[in-house]
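Below you'll find the structure, written out as structure tokens, and then a few comments.
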Amino acid sequence: MDGFLLSRADRTVHATGTRRLFDDVASASRALHRGDADLVVGALPFDPTRPVALAQPDHTEITDGPWEAPDDLPDLPEVQRTQEIPLPRVHVARVRALVERLELGEFDKVVAARKVALAAETPIDPLTLAARMVARHPDAATFAVDLSAAGERFWGHTLVGASPELLVSRRGNTVTCRPLAGTAARREDPDDDLRAGKDLLESEKNLAEHRYVVEWIRARLAPLCDELTIPETPELTSTPDVWHLATPITGRLRDAETDALTLATALHPTPAVAGTPTEAAMDAIARVEGDRRFYGGAVGWCNSDGDGDWFVAIRCAELSSDCRRAIAWGGGGIVADSDPHAELDETTAKLRTLLGALGV
Ligand SMILES: C=C(O[C@H]1C=CC=C(C(=O)O)[C@@H]1O)C(=O)O
């Protein structure tokens with residue numbers, strides 16, 4: 001798929017055609033600051049040292065409301081699961097080993113993820129998949145992003161997903177974040193479901209998991225913002241698949257030159273996708289899981305006024321260039337009192353966002 005789609009309940013950015021590709025943030029920032037580009041769209045990888053997938057599009061449509069998909073999109077094919085990476089019991093063993101390292105004090109929190117490989121006889125059209133996700137997840141930020149700019153390994157690949165998590169948004173000198181951490185699966189029975197949400201709001205383990213993210217964002221934003229408003233306790237939010245703890249954060253920029261792309265790189269990767277301390281967690285993730293590519297990264301846009309929106313790239317899959325194969329990811333924050341089996345179930349609930357839209 002050539003282009004970029006970011007659909008939210010109130011606004012859609014849909015870009016097509018490519019004028020220029022950027023595989024590093026500095027070149028994209030330069031193009032914006034010099035006025036060579038009025039908009040940059042794309043994705044930042046999980047590992048900030050790897051190439052980014054940013055582009056200056058040829059044509060951009062910004063409309064109010066969610067994306068209205070054209071009527072002539074192809075149907076989705078039948079999709080098969082071909083592999084679980086690692087096997088669920090291996091994920092449980094990995095979480096158990098991470099809990100032991102947490103108990104030894106190697107880190108305070110680390111996010112463990114697993115993948116599901118998918119295959120289809122005919123292409124999974126990224127925009128058809130995105131249209132399904134817009135319909136199923138009206139409150140999320142649904143995205144479809146061409147990853148070609150990041151180099152040969154990503155040529156023709158597309159990242160598609162529906163993220164509930166705002167990394168950062170900038171409008172003028174106002175900065176907004178809404179980190180999520182702490183999860184409970186939704187339940188069929190409405191009473192059970194409400195109880196699951198309420199229990200989450202009172203769960204010490206989940207509140208602690210959440211606090212690491214909020215405190216990390218506070219520390220990163222403090223030098224950049226004059227006024228930071230951060231509620232003491234998180235609120236409850238939900239997707240059709242899970243409940244989450246969320247903290248809405250606002251700040252006022254000290255320096256009007258700090259643009260949304262700079263803010264996204266300053267805030268990524270938060271402990272919602274990596275852990276605390278960041279370096280130790282990133283090192284453990286790389287050794288245990290290998291390269292997460294763009295899962296756990298960020299997707300969004302920044303314009304030449306410095307405004308923009310960046311969402312955490314979760315609840316997503318990367319489609320191959322022929323769109324017949326895909327890898328979906330699901331992860332969860334692990335702290336010292338995490339239960340390995342519950343953590344496996346949590347990744348299964350999160351994977352529903354993508355797998356449910358594909359009917360697998
Ligand atoms: C890492 C993921 O979710 C993050 C966002 C919300 C809640 C999370 C949690 O409770 O662990 C994760 O930090 C994912 O969906 O793959």
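Chains: A, B, ... in order of the structure tokens. Residues: from 1 per chain. Ligands: from 1, in order shown.
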
Could you list, with a cut-off of 6 Å and counting only C-alpha atoms and all ligand atoms, the residues of chain A near ligand 1, each shown with its nearest atom pair and the distance in Å rounded to one decimal, rows sorted by chain and ascending number, as CSV?
residue,atom,partner,partner_atom_place_in_ligand_line,distance
A:Leu180,CA,ligand 1,6 (C),4.5
A:Ala181,CA,ligand 1,7 (C),3.7
A:Gly182,CA,ligand 1,10 (O),3.4
A:Thr183,CA,ligand 1,10 (O),4.1
A:Ala272,CA,ligand 1,13 (O),3.5
A:Val273,CA,ligand 1,1 (C),4.8
A:Ile314,CA,ligand 1,15 (O),4.9
A:Arg315,CA,ligand 1,15 (O),5.2
A:Gly330,CA,ligand 1,16 (O),3.8
A:Gly331,CA,ligand 1,16 (O),3.6
A:Gly332,CA,ligand 1,11 (O),3.4
A:Gly333,CA,ligand 1,11 (O),3.7
A:Lys350,CA,ligand 1,15 (O),5.4

For Glu78 (chain A), please output as an mmCIF file with N, CA and C atoms, in the first residue's frame all residues within 12 Å (counting only C-alpha atoms; exclusion window: fewer than 5 positions along the same chain).
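Writing the result to part37.cif gives the following:
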data_model
loop_
_atom_site.group_PDB
_atom_site.id
_atom_site.type_symbol
_atom_site.label_atom_id
_atom_site.label_comp_id
_atom_site.auth_asym_id
_atom_site.auth_seq_id
_atom_site.Cartn_x
_atom_site.Cartn_y
_atom_site.Cartn_z
ATOM 1 N N LEU A 118 0.401 -15.217 10.177
ATOM 2 C CA LEU A 118 -0.845 -15.459 9.448
ATOM 3 C C LEU A 118 -0.544 -15.610 7.966
ATOM 4 N N ALA A 119 -1.406 -16.350 7.276
ATOM 5 C CA ALA A 119 -1.214 -16.496 5.823
ATOM 6 C C ALA A 119 -2.577 -16.582 5.151
ATOM 7 N N ALA A 120 -2.625 -16.137 3.895
ATOM 8 C CA ALA A 120 -3.867 -16.205 3.114
ATOM 9 C C ALA A 120 -3.503 -16.545 1.674
ATOM 10 N N GLU A 121 -4.449 -17.159 0.944
ATOM 11 C CA GLU A 121 -4.205 -17.550 -0.457
ATOM 12 C C GLU A 121 -4.184 -16.322 -1.366
ATOM 13 N N THR A 122 -4.998 -15.343 -1.013
ATOM 14 C CA THR A 122 -5.054 -14.113 -1.812
ATOM 15 C C THR A 122 -4.752 -12.928 -0.890
ATOM 16 N N PRO A 123 -4.433 -11.759 -1.450
ATOM 17 C CA PRO A 123 -3.972 -10.653 -0.598
ATOM 18 C C PRO A 123 -4.989 -10.175 0.440
ATOM 19 N N ILE A 124 -4.447 -9.838 1.611
ATOM 20 C CA ILE A 124 -5.230 -9.173 2.667
ATOM 21 C C ILE A 124 -5.087 -7.686 2.364
ATOM 22 N N ASP A 125 -6.100 -7.078 1.817
ATOM 23 C CA ASP A 125 -5.982 -5.668 1.443
ATOM 24 C C ASP A 125 -5.867 -4.803 2.711
ATOM 25 N N ARG A 324 0.061 -11.440 1.500
ATOM 26 C CA ARG A 324 -0.468 -12.788 1.777
ATOM 27 C C ARG A 324 0.034 -13.330 3.106
ATOM 28 N N ARG A 325 0.949 -12.615 3.705
ATOM 29 C CA ARG A 325 1.443 -13.028 5.014
ATOM 30 C C ARG A 325 1.404 -11.832 5.963
ATOM 31 N N LEU A 355 -6.756 -9.931 15.238
ATOM 32 C CA LEU A 355 -7.199 -11.243 14.742
ATOM 33 C C LEU A 355 -8.706 -11.258 14.537
ATOM 34 N N ALA A 357 -10.570 -8.761 13.629
ATOM 35 C CA ALA A 357 -10.902 -8.034 12.393
ATOM 36 C C ALA A 357 -10.644 -8.916 11.172
ATOM 37 N N LEU A 358 -9.714 -9.860 11.307
ATOM 38 C CA LEU A 358 -9.414 -10.776 10.181
ATOM 39 C C LEU A 358 -10.262 -12.038 10.235
ATOM 40 N N GLY A 359 -11.032 -12.188 11.307
ATOM 41 C CA GLY A 359 -11.891 -13.362 11.446
ATOM 42 C C GLY A 359 -11.126 -14.627 11.785
ATOM 43 N N VAL A 360 -9.976 -14.495 12.479
ATOM 44 C CA VAL A 360 -9.247 -15.711 12.901
ATOM 45 C C VAL A 360 -9.135 -15.784 14.434
#

A:Arg136, A:Arg254, A:Arg96, A:His157 ranked by distance to Thr174 (chain A), top pick (using only C-alpha atoms):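 Result for the nearest residue to Thr174 (chain A): A:Arg254.
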
Q: Write out as an MDAnalysis selection string each polymer residue whose atoms come within 10 Å of Leu228 (chain A), counting only C-alpha atoms; drop sequence neighbours fewer than 5 positions from it.
A: chainID A and resid 175:176 218 221:222 249:253

- Just the residues within 12 Å of Glu202 (chain A), please, counting only C-alpha atoms, with nothing from its chain fewer than 6 positions along; format it as a ChimeraX atom specification. /A:182-184,195-196,208,210,233-236,244-245

I need the residues from that last selection saved to file as a PDB file, in the first residue's frame (with N, CA, C and O atoms), if you can.
ATOM      1  N   GLY A 182      -1.900  -1.427  32.347  1.00  0.00           N
ATOM      2  CA  GLY A 182      -2.834  -2.075  33.260  1.00  0.00           C
ATOM      3  C   GLY A 182      -4.027  -2.508  32.431  1.00  0.00           C
ATOM      4  O   GLY A 182      -4.672  -1.662  31.797  1.00  0.00           O
ATOM      5  N   THR A 183      -4.276  -3.811  32.428  1.00  0.00           N
ATOM      6  CA  THR A 183      -5.271  -4.377  31.499  1.00  0.00           C
ATOM      7  C   THR A 183      -6.105  -5.455  32.164  1.00  0.00           C
ATOM      8  O   THR A 183      -5.594  -6.215  32.996  1.00  0.00           O
ATOM      9  N   ALA A 184      -7.387  -5.517  31.784  1.00  0.00           N
ATOM     10  CA  ALA A 184      -8.236  -6.672  32.142  1.00  0.00           C
ATOM     11  C   ALA A 184      -9.069  -7.001  30.910  1.00  0.00           C
ATOM     12  O   ALA A 184      -9.535  -6.084  30.212  1.00  0.00           O
ATOM     13  N   ARG A 195     -17.495  -5.443  36.770  1.00  0.00           N
ATOM     14  CA  ARG A 195     -16.685  -5.812  37.938  1.00  0.00           C
ATOM     15  C   ARG A 195     -15.209  -5.910  37.543  1.00  0.00           C
ATOM     16  O   ARG A 195     -14.327  -5.463  38.274  1.00  0.00           O
ATOM     17  N   ALA A 196     -14.972  -6.475  36.352  1.00  0.00           N
ATOM     18  CA  ALA A 196     -13.572  -6.608  35.884  1.00  0.00           C
ATOM     19  C   ALA A 196     -12.937  -5.222  35.765  1.00  0.00           C
ATOM     20  O   ALA A 196     -11.773  -5.023  36.142  1.00  0.00           O
ATOM     21  N   ALA A 208       0.553  -0.124  39.943  1.00  0.00           N
ATOM     22  CA  ALA A 208       2.016   0.026  39.972  1.00  0.00           C
ATOM     23  C   ALA A 208       2.560  -0.004  38.534  1.00  0.00           C
ATOM     24  O   ALA A 208       3.395   0.834  38.157  1.00  0.00           O
ATOM     25  N   HIS A 210       1.069   0.858  35.906  1.00  0.00           N
ATOM     26  CA  HIS A 210       0.670   2.108  35.255  1.00  0.00           C
ATOM     27  C   HIS A 210       1.570   3.271  35.691  1.00  0.00           C
ATOM     28  O   HIS A 210       1.981   4.094  34.881  1.00  0.00           O
ATOM     29  N   THR A 233      -4.530   9.822  40.091  1.00  0.00           N
ATOM     30  CA  THR A 233      -4.938   8.430  39.875  1.00  0.00           C
ATOM     31  C   THR A 233      -5.451   8.262  38.452  1.00  0.00           C
ATOM     32  O   THR A 233      -6.048   9.183  37.886  1.00  0.00           O
ATOM     33  N   PRO A 234      -5.252   7.068  37.883  1.00  0.00           N
ATOM     34  CA  PRO A 234      -5.708   6.855  36.499  1.00  0.00           C
ATOM     35  C   PRO A 234      -7.215   6.689  36.400  1.00  0.00           C
ATOM     36  O   PRO A 234      -7.892   6.452  37.400  1.00  0.00           O
ATOM     37  N   GLU A 235      -7.725   6.815  35.192  1.00  0.00           N
ATOM     38  CA  GLU A 235      -9.139   6.551  34.932  1.00  0.00           C
ATOM     39  C   GLU A 235      -9.250   5.240  34.156  1.00  0.00           C
ATOM     40  O   GLU A 235      -8.256   4.711  33.647  1.00  0.00           O
ATOM     41  N   LEU A 236     -10.495   4.765  34.074  1.00  0.00           N
ATOM     42  CA  LEU A 236     -10.742   3.513  33.372  1.00  0.00           C
ATOM     43  C   LEU A 236     -11.144   3.827  31.933  1.00  0.00           C
ATOM     44  O   LEU A 236     -11.904   4.757  31.687  1.00  0.00           O
ATOM     45  N   HIS A 244      -8.547  -0.810  30.239  1.00  0.00           N
ATOM     46  CA  HIS A 244      -7.205  -0.311  30.527  1.00  0.00           C
ATOM     47  C   HIS A 244      -7.276   0.782  31.585  1.00  0.00           C
ATOM     48  O   HIS A 244      -8.290   1.461  31.715  1.00  0.00           O
ATOM     49  N   LEU A 245      -6.139   0.991  32.260  1.00  0.00           N
ATOM     50  CA  LEU A 245      -5.958   2.188  33.076  1.00  0.00           C
ATOM     51  C   LEU A 245      -5.330   3.260  32.178  1.00  0.00           C
ATOM     52  O   LEU A 245      -4.394   2.966  31.423  1.00  0.00           O
TER      53      LEU A 245
END

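All residues of protein, DNA or RNA that reach within 8 Å of region 34-46 of chain A, judged by only C-alpha atoms and not counting those fewer than 6 positions away in the chain, are Phe4, Ala28, Val52, Ala53, Leu54, Ala55, Gln56, Pro57, Val145, Asp146, Leu147, Pro269, Arg292, Arg293, Phe294, Tyr295, Gly296, Gly297, Ala298, Val299, Gly300, Trp301, Cys302, Asn303 and Ser304 of chain A.
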
Q | Top pick for closest residue to Ser203 (chain A), considering A:Asp2, A:Asp337, A:Asp58, A:Glu289 and counting only C-alpha atoms | A |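 Looking at the shortest contact to Ser203 (chain A), the residue is A:Asp337.
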
Would you mind writing down, as an mmCIF file with C-alpha atoms, in the first residue's frame, each residue of region 98-296 of chain A that DSSP on the backbone assigns to helix (DSSP H, G or I)?
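out.cif, freshly written:
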data_model
loop_
_atom_site.group_PDB
_atom_site.id
_atom_site.type_symbol
_atom_site.label_atom_id
_atom_site.label_comp_id
_atom_site.auth_asym_id
_atom_site.auth_seq_id
_atom_site.Cartn_x
_atom_site.Cartn_y
_atom_site.Cartn_z
ATOM 1 C CA LEU A 98 11.510 -12.275 33.517
ATOM 2 C CA VAL A 99 9.655 -12.285 36.866
ATOM 3 C CA GLU A 100 12.732 -13.897 38.448
ATOM 4 C CA ARG A 101 14.926 -11.157 36.988
ATOM 5 C CA LEU A 102 12.456 -8.528 38.271
ATOM 6 C CA GLU A 103 12.627 -10.098 41.734
ATOM 7 C CA PRO A 126 -4.577 -3.262 4.085
ATOM 8 C CA LEU A 127 -7.347 -0.718 3.545
ATOM 9 C CA THR A 128 -10.081 -3.365 3.787
ATOM 10 C CA LEU A 129 -8.535 -4.499 7.066
ATOM 11 C CA ALA A 130 -8.328 -0.870 8.221
ATOM 12 C CA ALA A 131 -12.006 -0.329 7.293
ATOM 13 C CA ARG A 132 -12.956 -3.343 9.453
ATOM 14 C CA MET A 133 -10.982 -1.914 12.349
ATOM 15 C CA VAL A 134 -12.538 1.555 11.988
ATOM 16 C CA ALA A 135 -15.981 -0.094 12.249
ATOM 17 C CA ARG A 136 -15.070 -2.358 15.195
ATOM 18 C CA SER A 148 9.041 1.083 2.647
ATOM 19 C CA ALA A 149 11.115 4.085 3.762
ATOM 20 C CA ALA A 150 12.779 1.949 6.471
ATOM 21 C CA GLU A 152 14.879 -3.267 1.977
ATOM 22 C CA ARG A 153 13.550 -5.424 4.856
ATOM 23 C CA PHE A 154 10.351 -3.352 4.790
ATOM 24 C CA PRO A 190 -22.352 -7.102 31.632
ATOM 25 C CA ASP A 191 -22.126 -7.406 35.443
ATOM 26 C CA ASP A 192 -18.938 -9.475 35.287
ATOM 27 C CA ASP A 193 -17.567 -7.005 32.781
ATOM 28 C CA LEU A 194 -18.204 -3.969 35.000
ATOM 29 C CA ARG A 195 -16.685 -5.812 37.938
ATOM 30 C CA ALA A 196 -13.572 -6.608 35.884
ATOM 31 C CA GLY A 197 -13.191 -2.875 35.120
ATOM 32 C CA LYS A 198 -13.732 -1.858 38.733
ATOM 33 C CA ASP A 199 -11.282 -4.507 39.990
ATOM 34 C CA LEU A 200 -8.689 -3.198 37.541
ATOM 35 C CA LEU A 201 -9.061 0.309 38.927
ATOM 36 C CA GLU A 202 -8.310 -1.070 42.405
ATOM 37 C CA GLU A 204 -2.305 -2.643 43.209
ATOM 38 C CA LYS A 205 -0.331 -4.649 40.662
ATOM 39 C CA ASN A 206 -1.905 -2.820 37.704
ATOM 40 C CA LEU A 207 -1.710 0.594 39.399
ATOM 41 C CA ALA A 208 2.016 0.026 39.972
ATOM 42 C CA GLU A 209 2.468 -1.064 36.338
ATOM 43 C CA HIS A 210 0.670 2.108 35.255
ATOM 44 C CA ARG A 211 2.626 4.430 37.570
ATOM 45 C CA TYR A 212 5.953 3.528 35.919
ATOM 46 C CA VAL A 213 4.645 4.881 32.611
ATOM 47 C CA VAL A 214 3.189 8.087 34.062
ATOM 48 C CA GLU A 215 6.321 8.897 36.082
ATOM 49 C CA TRP A 216 8.554 8.257 33.078
ATOM 50 C CA ILE A 217 6.454 10.599 30.918
ATOM 51 C CA ARG A 218 6.482 13.213 33.688
ATOM 52 C CA ALA A 219 10.293 13.081 33.778
ATOM 53 C CA ARG A 220 10.569 13.347 29.982
ATOM 54 C CA LEU A 221 8.042 16.179 29.631
ATOM 55 C CA ALA A 260 5.286 16.898 17.458
ATOM 56 C CA LEU A 261 7.959 14.698 15.846
ATOM 57 C CA THR A 262 10.552 15.857 18.403
ATOM 58 C CA LEU A 263 8.053 15.177 21.206
ATOM 59 C CA ALA A 264 7.328 11.685 19.851
ATOM 60 C CA THR A 265 11.034 10.816 19.736
ATOM 61 C CA ALA A 266 11.568 12.283 23.231
ATOM 62 C CA LEU A 267 8.738 10.151 24.647
ATOM 63 C CA THR A 278 14.401 1.739 29.727
ATOM 64 C CA GLU A 279 17.877 0.560 28.766
ATOM 65 C CA ALA A 280 17.819 -2.638 30.826
ATOM 66 C CA ALA A 281 14.298 -3.438 29.600
ATOM 67 C CA MET A 282 15.178 -2.767 25.938
ATOM 68 C CA ASP A 283 18.236 -4.974 26.266
ATOM 69 C CA ALA A 284 16.195 -7.839 27.785
ATOM 70 C CA ILE A 285 13.510 -7.496 25.075
ATOM 71 C CA ALA A 286 16.073 -7.575 22.251
ATOM 72 C CA ARG A 287 17.708 -10.685 23.702
ATOM 73 C CA VAL A 288 14.472 -12.537 24.480
ATOM 74 C CA GLU A 289 12.289 -11.542 21.493
#
